[in-house]
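One structure below.
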Amino acid sequence: MAQYARGSAVAVIRLRNPPVNALSLAVLQTLEDGLKKADADPSVKAVMICGENGKFSAGADIRGFSSPKRLGGALGPIVSLIESSEKPVVAAIEGVALGGGLEVALGCHYRIAHVKARMGLPEVTIGLLPGAEGTQRLPRLIGVPAALDMITTGKHIPATEALKLGLVDEIVEENTIEAAIRLANKVIGQPLGPRRLSLKPVPKVPNMEAFLDEALVKVKRQARGCLAPELCFQAVRAATQSPFAEGVRRERELFQVLLSSGQAQALQYAFFAERAVRRWATPSGASWSSAAPQPVRRAAVIGLGTMGQGIVTSLVKANIPLVALEQDLENLNKGRKAVMLLLQREAMKMEGGAQILDFHNPAHLQFTVDFDLLRDVDLVIEAVFENMALKKEIFHKLSKICKPGALLCTNTSALNIDEIASATNRPQQVIGTHFFSPAHVMRLLEIIYGRHTSPTAIATAMQLAKALKKVGVVVGNCFGFVGNRMMFPYVQQAVFLLEEGSRPEAVDQVLEDFGFKIGPFRMSDLAGLDVGWRSRKDQGLTGPSLPAGTPARQRHGQRYSPLPDLLCEQGRFGQKTARGWYLYEKAGGRTATPDPWLHNFLSQYRDTHGIQTRFIDQEEILERCLFSLINEGFAILAEGIASGPEHLDVIYINGYGWPEHRGGPMFYASTVGLPRVLAKLQKYSEAHPDVPGLRPSAFLKKLVAVGNPPLKEWMSYLSQQSSKL
Ligand SMILES: CCCCCCCC/C=C\C=C\CC(=O)SCCNC(=O)CCNC(=O)[C@H](O)C(C)(C)COP(=O)(O)OP(=O)(O)OC[C@H]1O[C@@H](n2cnc3c(N)ncnc32)[C@H](O)[C@@H]1OP(=O)(O)O
């Protein structure tokens with residue numbers, strides 16, 4: 001609701017819809033009623049609009065987009081109603097003014113903001129554009145370049161920047177509401193024409209068309225298949241080409257296109273999925289609602305390789321004092337140098353920079369080779385390389401040295417948490433924290449509980465994720481956990497496709513056209529082929545421990561491709577050695593070029609193994625890679641490793657470059673239709689009976705059998721029927 005109150009000559013309309021004062025139909029109705037009441041009351045000389053509880057408004061109620069006509073019908077006209085008021089209207093912006101919230105403020109004649117407020121038009125991030133005339137008013141107020149930047153990226157800007165851009169008239173450090181009322185009283189009787197943005201011309205930019213053409217190229221490049229940024233651009237371009245009313249008509253048309261594109265639905269699903277995974281639960285009944293986190297006042301990171309460096313950087317950025325430990329002085333100095341470089345770069349990106357990070361102060365960041373300094377820390381993150389024996393040795397030592405309540409985290413991408421915990425005297429405090437590289441950039445933190453991990457430990461790890469500004473997703477313990485376990489069949493299919501006749505660049509292209517930031521072969525070259533090779537050697541799949549006489553393309557009765565092993569045997573580890581699945585300009589180079597040597601090598605390989613080369617079309621590439629990944633997702637859900645499809649989707653969007661506008665793999669499967677996914681898996685499985693990853697999961701079959709229910713109902717079928725799976 002909104003609340004209308006009148007004390008002096010200034011009527012106050014307060015937007016009220018906790019927790020973020022989202023603009024529901026009810027809120028809009030009271031806003032409209034309040035405006036009309038103020039208009040009709042001769043003793044009211046001005047109006048002030050603010051939000052309840054220190055937040056202006058986070059914009060339209062996103063859940064209301066399922067009835068867009070009613071919402072759309074309401075907001076634009078109300079913004080016009082505000083602007084056309086004959087009494088001055090002042091917006092008092094505290095907390096956030098986002099989306100429709102900022103559009104309401106743009107309809108006001110004056111805007112005053114608290115210094116800590118943030119503003120933005122983030123509609124693009126949920127697949128829409130500002131549909132309440134914001135694409136027409138904002139360029140008139142702050143100019144086309146700044147408006148285009150805000151509208152096509154959706155970024156939130158701080159009040160200080162808003163003031164510089166002219167988006168607000170004033171910022172205050174004290175009581176925004178009182179300041180807004182003072183301003184409202186001051187401007188009573190002043191002409192309102194110059195304050196009505198719809199009447200202002202769009203400020204000219206020298207060579208506007210050339211500027212816009214260049215901007216469009218940039219927008220398209222960054223959008224990678226997502227429609228909203230380009231349509232946001234078109235709406236702003238309309239503001240530069242047409243009068244206000246025509247621009248508004250164009251904005252509405254484009255809004256409708258986005259609303260019916262399917263991408264908006266996917267992005268809005270992703271928005272709520274990210275919030276839903278905070279409400280974690282485990283099959284044993286532990287949950288976010290009953291578990292309380294322990295405070296983390298001081299932490300430690302063990303191992304200053306690439307992962308450790310990123311984790312240290314993340315902790316420093318979150319202002320968590322820490323000890324960084326290496327095994328010897330040589331590695332410590334190397335690690336320290338790399339961390340300092342990362343921190344300097346991060347400080348340069350931040351407002352306030354080095355003063356805020358304060359990483360030169362040993363009370364905040366201490367480098368050591370002395371394990372004893374870990375005695376007092378509340379939490380340790382071990383980030384040494386993936387070797388079970390080494391990790392167990394470290395955890396044994398930690399359980400002797402660390403204080404009784406300390407949480408012991410292992411950064412691993414696949415290893416068994418229970419086995420690591422078994423090396424300690426406190427398995428309830430051992431938990432997996434799988435960071436993604438680069439750890440100070442990637443948002444995902446997979447949090448893996450073991451058989452004995454306590455609810456407090458899970459809650460503390462989730463709290464840590466929040467402090468690090470990461471998305472924590474709680475999952476169960478199995479090889480590869482959720483993300484990598486789903487990735488294995490995807491990468492396996494990609495390699496099998498090469499055996500059968502495809503090329504790395506063809507497979508990568510299909511998946512990049514789908515929207516992945518990077519295809520599987522480019523990804524493998526970036527991560528280093530030696531990482532997987534080491535793991536396969538440890539598993540006895542290749543290398544000296546492979547029993548003599550093992551067929552080259554079979555392991556444990558299943559199809560196996562030795563191609564990645566053969567590349568590694570040639571010293572082709574990817575970017576770091578200037579060759580892998582592609583050729584690079586130099587060791588560490590980033591520009592992948594298709595490699596004739598590799599094409600020739602693949603032909604010889606097929607000849608050696610009597611494989612008939614065939615043309616593989618884009619559809620088959622896409623389906624075999626994606627459906628095998630999705631199939632594994634269904635198996636994970638059936639095993640209770642993750643508590644819902646949203647968890648898998650959040651993991652894929654935030655850790656694996658899955659295109660957000662496709663909502664994550666499980667959401668994507670729901671849009672393709674589970675019967676189609678199943679039918680295709682059945683077809684490919686028949687053609688490749690020795691590939692378990694293509695064999696449809698029992699849970700997928702069950703969901704198809706019960707009539708392809710909507711995603712939000714999937715888990716209910718599992719709990720009722722799991723015994724029959
Ligand atoms: C005939 C047709 C013509 C066509 C014309 C159509 C015209 C349409 C008119 C207007 C269109 C307007 C578009 C919009 O305004 S879209 C909304 C834009 N706003 C956003 O995208 C903001 C989204 N929210 C956030 O970024 C954050 O939530 C933030 C506000 C920054 C707060 O962050 P934080 O403090 O971290 O808190 P949470 O994110 O956990 O949020 C708390 C709970 O609030 C829920 N929430 C937040 N925003 C909204 C929203 N806009 N609508 C509904 N619900 C929202 C959020 O889900 C959390 O709840 P829960 O944990 O239960 O999920």
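Every chain in the structure tokens has a letter given in the order shown (A, B, ...), and although residue numbers restart at 1 in each chain, ligands are simply numbered from 1 in the order shown.
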Inset, instruction - Could the residues that lie within 7 Å of ligand 1, counting only C-alpha atoms and all ligand atoms, be listed as a ChimeraX atom specification? - result: /A:19-20,22,58-63,68-69,71-73,75-76,96,98-101,121-123,125-126,129-132,252-253,255-256,272,275-276
Inset, instruction - Assign secondary structure with DSSP using the backbone only, and return the residues of region 264-421 of chain A in alpha helix (DSSP H) as an MDAnalysis selection string. - result: chainID A and resid 264:276 306:317 329:349 353:357 388:401 417:421
Fewer than 6 positions away in the same chain doesn't count, so skip those; otherwise give me all residues within 12 Å of Lys164 (chain A), counting only C-alpha atoms, as an mmCIF file with C-alpha atoms, in the first residue's frame.
```
data_model
loop_
_atom_site.group_PDB
_atom_site.id
_atom_site.type_symbol
_atom_site.label_atom_id
_atom_site.label_comp_id
_atom_site.auth_asym_id
_atom_site.auth_seq_id
_atom_site.Cartn_x
_atom_site.Cartn_y
_atom_site.Cartn_z
ATOM 1 C CA LEU A 141 17.571 14.527 -17.755
ATOM 2 C CA ILE A 142 21.144 13.173 -17.850
ATOM 3 C CA ALA A 146 24.848 8.279 -19.389
ATOM 4 C CA ILE A 157 24.692 4.049 -9.161
ATOM 5 C CA PRO A 158 25.435 5.666 -5.803
ATOM 6 C CA GLU A 170 20.552 17.409 -3.934
ATOM 7 C CA ILE A 171 22.045 14.791 -1.620
#
```
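Excluding Pro696 (chain A) itself and same-chain residues fewer than 4 positions from it, the residues having an atom within 9 Å of it are A:Ser628, A:Asn631, A:Glu632, A:Phe634, A:Val677, A:Leu678, A:Ala679, A:Leu681, A:Gln682, A:Ser685, A:Pro692, A:Leu700, A:Lys701, counting only C-alpha atoms.
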Inset, instruction - Can you work out the spacing between CA of Glu86 (chain A) and CA of Ala180 (chain A) in Å, to one decimal? - result: 17.8 Å
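Using only C-alpha atoms, the shortest contact distance between Asp538 (chain A) and any of A:Met523, A:Val430, A:Met388, A:Leu563 is found at A:Met388.
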Legend entry - Closest of A:Val323, A:Cys568, A:Cys478, A:Ala281 to Ile458 (chain A) - atom-to-atom distances counting only C-alpha atoms: A:Ala281
Inset, instruction - Extract, using only C-alpha atoms, all DNA, RNA and protein residues at most 9 Å from Ala215 (chain A), discarding same-chain residues fewer than 5 positions from it, and format them as a list in words. - result: Pro145, Leu148, Ala210, Lys220 and Phe233 of chain A
Atoms kept (N, CA, C and O atoms) for selection, written as a PDB file, in the first residue's frame:
```pdb
ATOM      1  N   PRO A 145      24.430   9.514 -23.504  1.00  0.00           N
ATOM      2  CA  PRO A 145      25.461   8.524 -23.147  1.00  0.00           C
ATOM      3  C   PRO A 145      25.252   7.929 -21.756  1.00  0.00           C
ATOM      4  O   PRO A 145      25.295   6.705 -21.579  1.00  0.00           O
ATOM      5  N   LEU A 148      22.008   5.800 -21.639  1.00  0.00           N
ATOM      6  CA  LEU A 148      22.183   4.539 -22.364  1.00  0.00           C
ATOM      7  C   LEU A 148      22.984   3.552 -21.515  1.00  0.00           C
ATOM      8  O   LEU A 148      22.650   2.363 -21.441  1.00  0.00           O
ATOM      9  N   ALA A 210      26.560   8.587 -35.214  1.00  0.00           N
ATOM     10  CA  ALA A 210      27.808   7.805 -35.135  1.00  0.00           C
ATOM     11  C   ALA A 210      27.994   7.280 -33.716  1.00  0.00           C
ATOM     12  O   ALA A 210      28.370   6.120 -33.514  1.00  0.00           O
ATOM     13  N   LYS A 220      25.527  -5.034 -28.418  1.00  0.00           N
ATOM     14  CA  LYS A 220      25.290  -6.358 -29.018  1.00  0.00           C
ATOM     15  C   LYS A 220      26.384  -7.339 -28.596  1.00  0.00           C
ATOM     16  O   LYS A 220      26.113  -8.498 -28.324  1.00  0.00           O
ATOM     17  N   PHE A 233      18.359  -0.330 -25.929  1.00  0.00           N
ATOM     18  CA  PHE A 233      19.058   0.618 -26.802  1.00  0.00           C
ATOM     19  C   PHE A 233      18.070   1.257 -27.776  1.00  0.00           C
ATOM     20  O   PHE A 233      18.044   2.480 -27.964  1.00  0.00           O
TER      21      PHE A 233
END
```
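Coordinates place CA of Arg522 (chain A) at a distance of 23.3 Å from CA of Arg559 (chain A).
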